[in-house]
Amino acid sequence: MFGGYGIPASTWLSNSARNGVENGRYLTATDVQYVPSPRRTIFTTPSVTLDYNWGDKLDFKSITSYTDDRTSGAQFSGTNNAGIRTSVMPNYGQGSGLNATPLQPCPTGAGLVTPINTSSCVVAVQYLQLAPGGQTMYAGQLGNQVAGPADVFGYYFFNNRRGQTTQEFRVSTTDPSWKLQFVAGAFIEHEHNHVNVGSNWNENAIARQLRGANEAYFAGGVLGAPVMQVPGSPMVDVSTRNIDITEDEQSAFGEVSYNITDKFKLTAGVRVTNYTQNFLQTYGGSVAGAPSGFVGTSDTGATETNPNSTTPFPTNYAACPSTPSAGALGTAAGKAVAQAGCPYQYTATKLSEHPVTPKVGASYQLAPGELLYVTYAEGQRPGGINPPAPPVQCSADFANLGITSTPATYQHDTVKSTEVGGKFRLFGGRGQVNVSAFHIDWQNVQFIVSLPQCAFSYVANAATASSDGAELQATGRFMGFTVNGNLGYDNARYTATVKNLNGTVLANKGDNLGVPDWTANLGVQYDTQVASLPAYARMDYTYTGKYMRATGPGSSSYTSANGFVQNYINGNETHIMNARVGVYYKELEIAGYVKNLFDSREWINLNQGVGNYYYTGNTVQPRIIGVQMNYRF
């Protein structure tokens with residue numbers, strides 16, 4: 001259960017930041033608006049296991065489990081840079097307020113995202129500002145240090161639920177004297193995900209005041225068949241999604257190992273799966289519509305644009321189907337629904353796959369505590385379904401990619417991995433060393449394709465990749481000290497350049513997959529006694545090496561931000577030190593700890609918007625000092 005908590009409103013930078021001046025409202029620690037953003041999670045996961053052993057030879061097991069996961073809440077976001085926000089309506093209007101009449105879009109100007117030129121456009125007086133020379137300027141223009149227009153603010157609502165039922169039957173050998181050991185079974189899963197999310201903003205109200213045009217796609221400003229909107233209220237729904245996803249899996253598996261000698265063992269296994277996914281979505285709001293085709297002079301009697309077409313039409317909620325499958329995109333029924341004026345997009349898609357994944361291996365026991373092994377295995381990740389991006393909003397991105405719409409589905413990707421290694425116990429059992437090396441071929445990689453102009457994305461099977469690496473683990477005990485360490489190296493990269501249909505580079509051959517090259521950790525613990533009670537002191541250090549958060553120079557996502565310096569592409573190294581001291585009294589442990597001892601603030605992710613200086617990111621969690629008590633029953 002998470003109670004209500006405050007988070008700072010989004011940090012937006014105005015265009016003035018391009019001159020090194022930040023005049024956003026939420027930019028400093030002493031000038032932050034904290035708005036409650038409550039979130040509630042209820043997680044229930046009962047399970048029942050039945051186990052029967054037959055004569056210490058075979059074990060029969062049934063495992064039944066259910067998961068019910070519910071999460072709901074709202075998150076506030078806001079900015080005082082409404083004047084430079086690129087909204088979905090073209091910027092036109094003569095007169096002010098709701099009485100404006102259409103005009104051509106205003107011409108562009110240096111430094112302006114949505115510029116105003118008073119020779120052809122007139123907006124409400126309260127949104128006009130004067131430059132030092134007396135010239136009328138638009139909020140956020142270069143050199144303008146006057147406060148911008150009223151805040152744009154909104155809430156992101158979510159109400160999601162996941163229900164999952166699984167059943168596994170398994171039989172396995174339990175007699176260690178048998179040369180042949182096996183485990184075999186069957187697995188059944190049914191999962192239902194319901195996603196209800198929406199974003200409600202006052203941006204439409206500001207658009208009406210600022211431009212004299214209704215930015216929402218619906219007639220009358222009121223949603224007749226509410227999804228997340230209150231009937232009769234002014235429409236502020238920017239985006240609403242209702243999604244139902246069902247997943248069903250039936251699989252059979254088995255693994256057999258045979259001891260050819262007392263030291264040499266062979267292993268083989270396989271898993272066969274039948275996987276089905278059904279996806280139903282209802283999508284509405286001004287983002288889902290096609291505002292570029294909007295025609296109208298007021299909130300009443302306005303005509304709207306079909307979200308699946310560029311042809312204006314009057315909104316007709318009565319034409320909306322009762323289920324998404326009855327009006328799915330790309331079908332004759334879906335086109336008829338759209339032409340009749342239903343202002344929603346409907347998606348109904350099904351995906352079925354039948355993967356077979358084998359495994360083979362061999363091991364050799366050099367001596368007690370010394371083992372060599374080699375393993376080859378294949379794995380498969382199921383494909384999925386892409387929620388469609390708005391067709392008109394994203395038309396420019398689709399054109400750049402050589403497509404006309406979001407691909408309905410993406411297929412599974414597969415890995416083939418080979419690992420060799422050894423495990424060695426040293427110094428009479430006081431030391432342990434494990435070493436391994438691996439090679440992974442990744443085919444048909446599920447790749448996120450960005451649509452930067454409309455801020456959407458979809459998944460495609462667009463790449464091949466490989467991962468080569470090694471890992472060393474060591475543990476030792478001496479003179480009251482326990483030392484454990486781990487060192488890993490992973491060269492994970494695309495092995496071929498990824499291009500779309502029209503030749504645009506999505507990823508370069510050699511681009512990192514977002515995996516750190518080096519990782520390491522080192523822990524040292526000293527065990528002693530304090531007042532005849534067992535006690536300890538421990539230090540841990542963790543290192544994560546550099547990596548790429550996105551694709552490199554020359555790719556479409558790298559250049560999408562109009563040539564801005566892509567500092568966020570390169571992932572930072574991180575160095576974290578933790579400390580802990582504790583004492584035991586019978587079954588009670590009392591410990592004091594410090595996480596992030598030196599208060600590192602390195603970025604662990606960082607994202608920059610398209611064509612602007614708005615960025616979001618997370619740093620390592622600041623230093624935390626605490627006391628913990630554990631009682632072991």
# chains A, B, ... in the order shown; residues from 1 in each chain; ligands from 1
>>> select_by_dssp(residues="stretch 394-495 of chain A", states="strand (DSSP E)", output="number ranges by chain")
A: 409-410, 413-426, 431-451, 456-478, 481-494
>>> residues_around(residues="stretch 399-409 of chain A", least_positions_apart="4", cutoff="10 Å", atoms="only C-alpha atoms", output="ChimeraX atom specification")
/A:329-330,347-351,383-392,394-395,449-451,456-461,499-506,556
>>> closest_residue(among="A:Val620, A:Ala463, A:Cys320, A:Leu50", to="A:Gly510", atoms="only C-alpha atoms")
A:Ala463
>>> atom_distance(atom1="atom CA of A:Ala537", atom2="atom CA of A:Gly582")
6.6 Å
>>> closest_atom_pairs(of="stretch 442-518 of chain A", to="stretch 372-382 of chain A", cutoff="10 Å", atoms="only C-alpha atoms", output="Markdown table")
| residue | atom | partner | partner_atom | distance |
| --- | --- | --- | --- | --- |
| A:Trp442 | CA | A:Gly379 | CA | 9.5 |
| A:Gln443 | CA | A:Gln380 | CA | 9.7 |
| A:Val445 | CA | A:Arg381 | CA | 9.6 |
| A:Gln446 | CA | A:Arg381 | CA | 9.0 |
>>> closest_residue(among="A:Gln345, A:Thr173, A:Gln473, A:Asn196", to="A:Thr282", atoms="only C-alpha atoms")
A:Gln345
>>> atom_distance(atom1="atom CA of A:Arg538", atom2="atom CA of A:Tyr489")
25.6 Å
>>> residues_around(residues="A:His190", least_positions_apart="6", cutoff="6 Å", atoms="only C-alpha atoms", output="PyMOL selection string")
chain A and resi 164-165+247-248
>>> write_last_selection(atoms="N, CA and C atoms", output="PDB file, in the first residue's frame")
ATOM      1  N   GLN A 164      -3.819 -13.510 -12.968  1.00  0.00           N
ATOM      2  CA  GLN A 164      -3.058 -14.586 -13.612  1.00  0.00           C
ATOM      3  C   GLN A 164      -3.270 -15.888 -12.835  1.00  0.00           C
ATOM      4  N   THR A 165      -3.634 -16.938 -13.557  1.00  0.00           N
ATOM      5  CA  THR A 165      -3.788 -18.267 -12.968  1.00  0.00           C
ATOM      6  C   THR A 165      -2.813 -19.218 -13.645  1.00  0.00           C
ATOM      7  N   GLU A 247      -3.744 -13.556 -22.295  1.00  0.00           N
ATOM      8  CA  GLU A 247      -2.649 -14.411 -22.732  1.00  0.00           C
ATOM      9  C   GLU A 247      -2.902 -15.821 -22.221  1.00  0.00           C
ATOM     10  N   ASP A 248      -2.740 -16.791 -23.099  1.00  0.00           N
ATOM     11  CA  ASP A 248      -2.899 -18.199 -22.741  1.00  0.00           C
ATOM     12  C   ASP A 248      -1.680 -18.977 -23.206  1.00  0.00           C
TER      13      ASP A 248
END
>>> residues_around(residues="A:Tyr543", least_positions_apart="3", cutoff="7 Å", atoms="only C-alpha atoms", output="list of chain:residue names")
A:Thr519, A:Ala520, A:Asn521, A:Thr574, A:His575, A:Ile576
>>> write_last_selection(atoms="N, CA and C atoms", output="mmCIF file, in the first residue's frame")
data_model
loop_
_atom_site.group_PDB
_atom_site.id
_atom_site.type_symbol
_atom_site.label_atom_id
_atom_site.label_comp_id
_atom_site.auth_asym_id
_atom_site.auth_seq_id
_atom_site.Cartn_x
_atom_site.Cartn_y
_atom_site.Cartn_z
ATOM 1 N N THR A 519 30.970 -4.754 -15.214
ATOM 2 C CA THR A 519 30.291 -4.674 -13.923
ATOM 3 C C THR A 519 31.169 -5.347 -12.883
ATOM 4 N N ALA A 520 31.145 -4.821 -11.673
ATOM 5 C CA ALA A 520 31.977 -5.391 -10.612
ATOM 6 C C ALA A 520 31.359 -5.085 -9.261
ATOM 7 N N ASN A 521 31.570 -5.977 -8.329
ATOM 8 C CA ASN A 521 31.220 -5.680 -6.944
ATOM 9 C C ASN A 521 32.210 -6.363 -6.014
ATOM 10 N N THR A 574 28.587 4.194 -12.764
ATOM 11 C CA THR A 574 28.073 4.416 -11.420
ATOM 12 C C THR A 574 28.981 3.725 -10.409
ATOM 13 N N HIS A 575 29.168 4.379 -9.276
ATOM 14 C CA HIS A 575 29.992 3.865 -8.184
ATOM 15 C C HIS A 575 29.185 4.010 -6.897
ATOM 16 N N ILE A 576 28.814 2.911 -6.280
ATOM 17 C CA ILE A 576 27.984 2.939 -5.086
ATOM 18 C C ILE A 576 28.686 2.178 -3.965
#
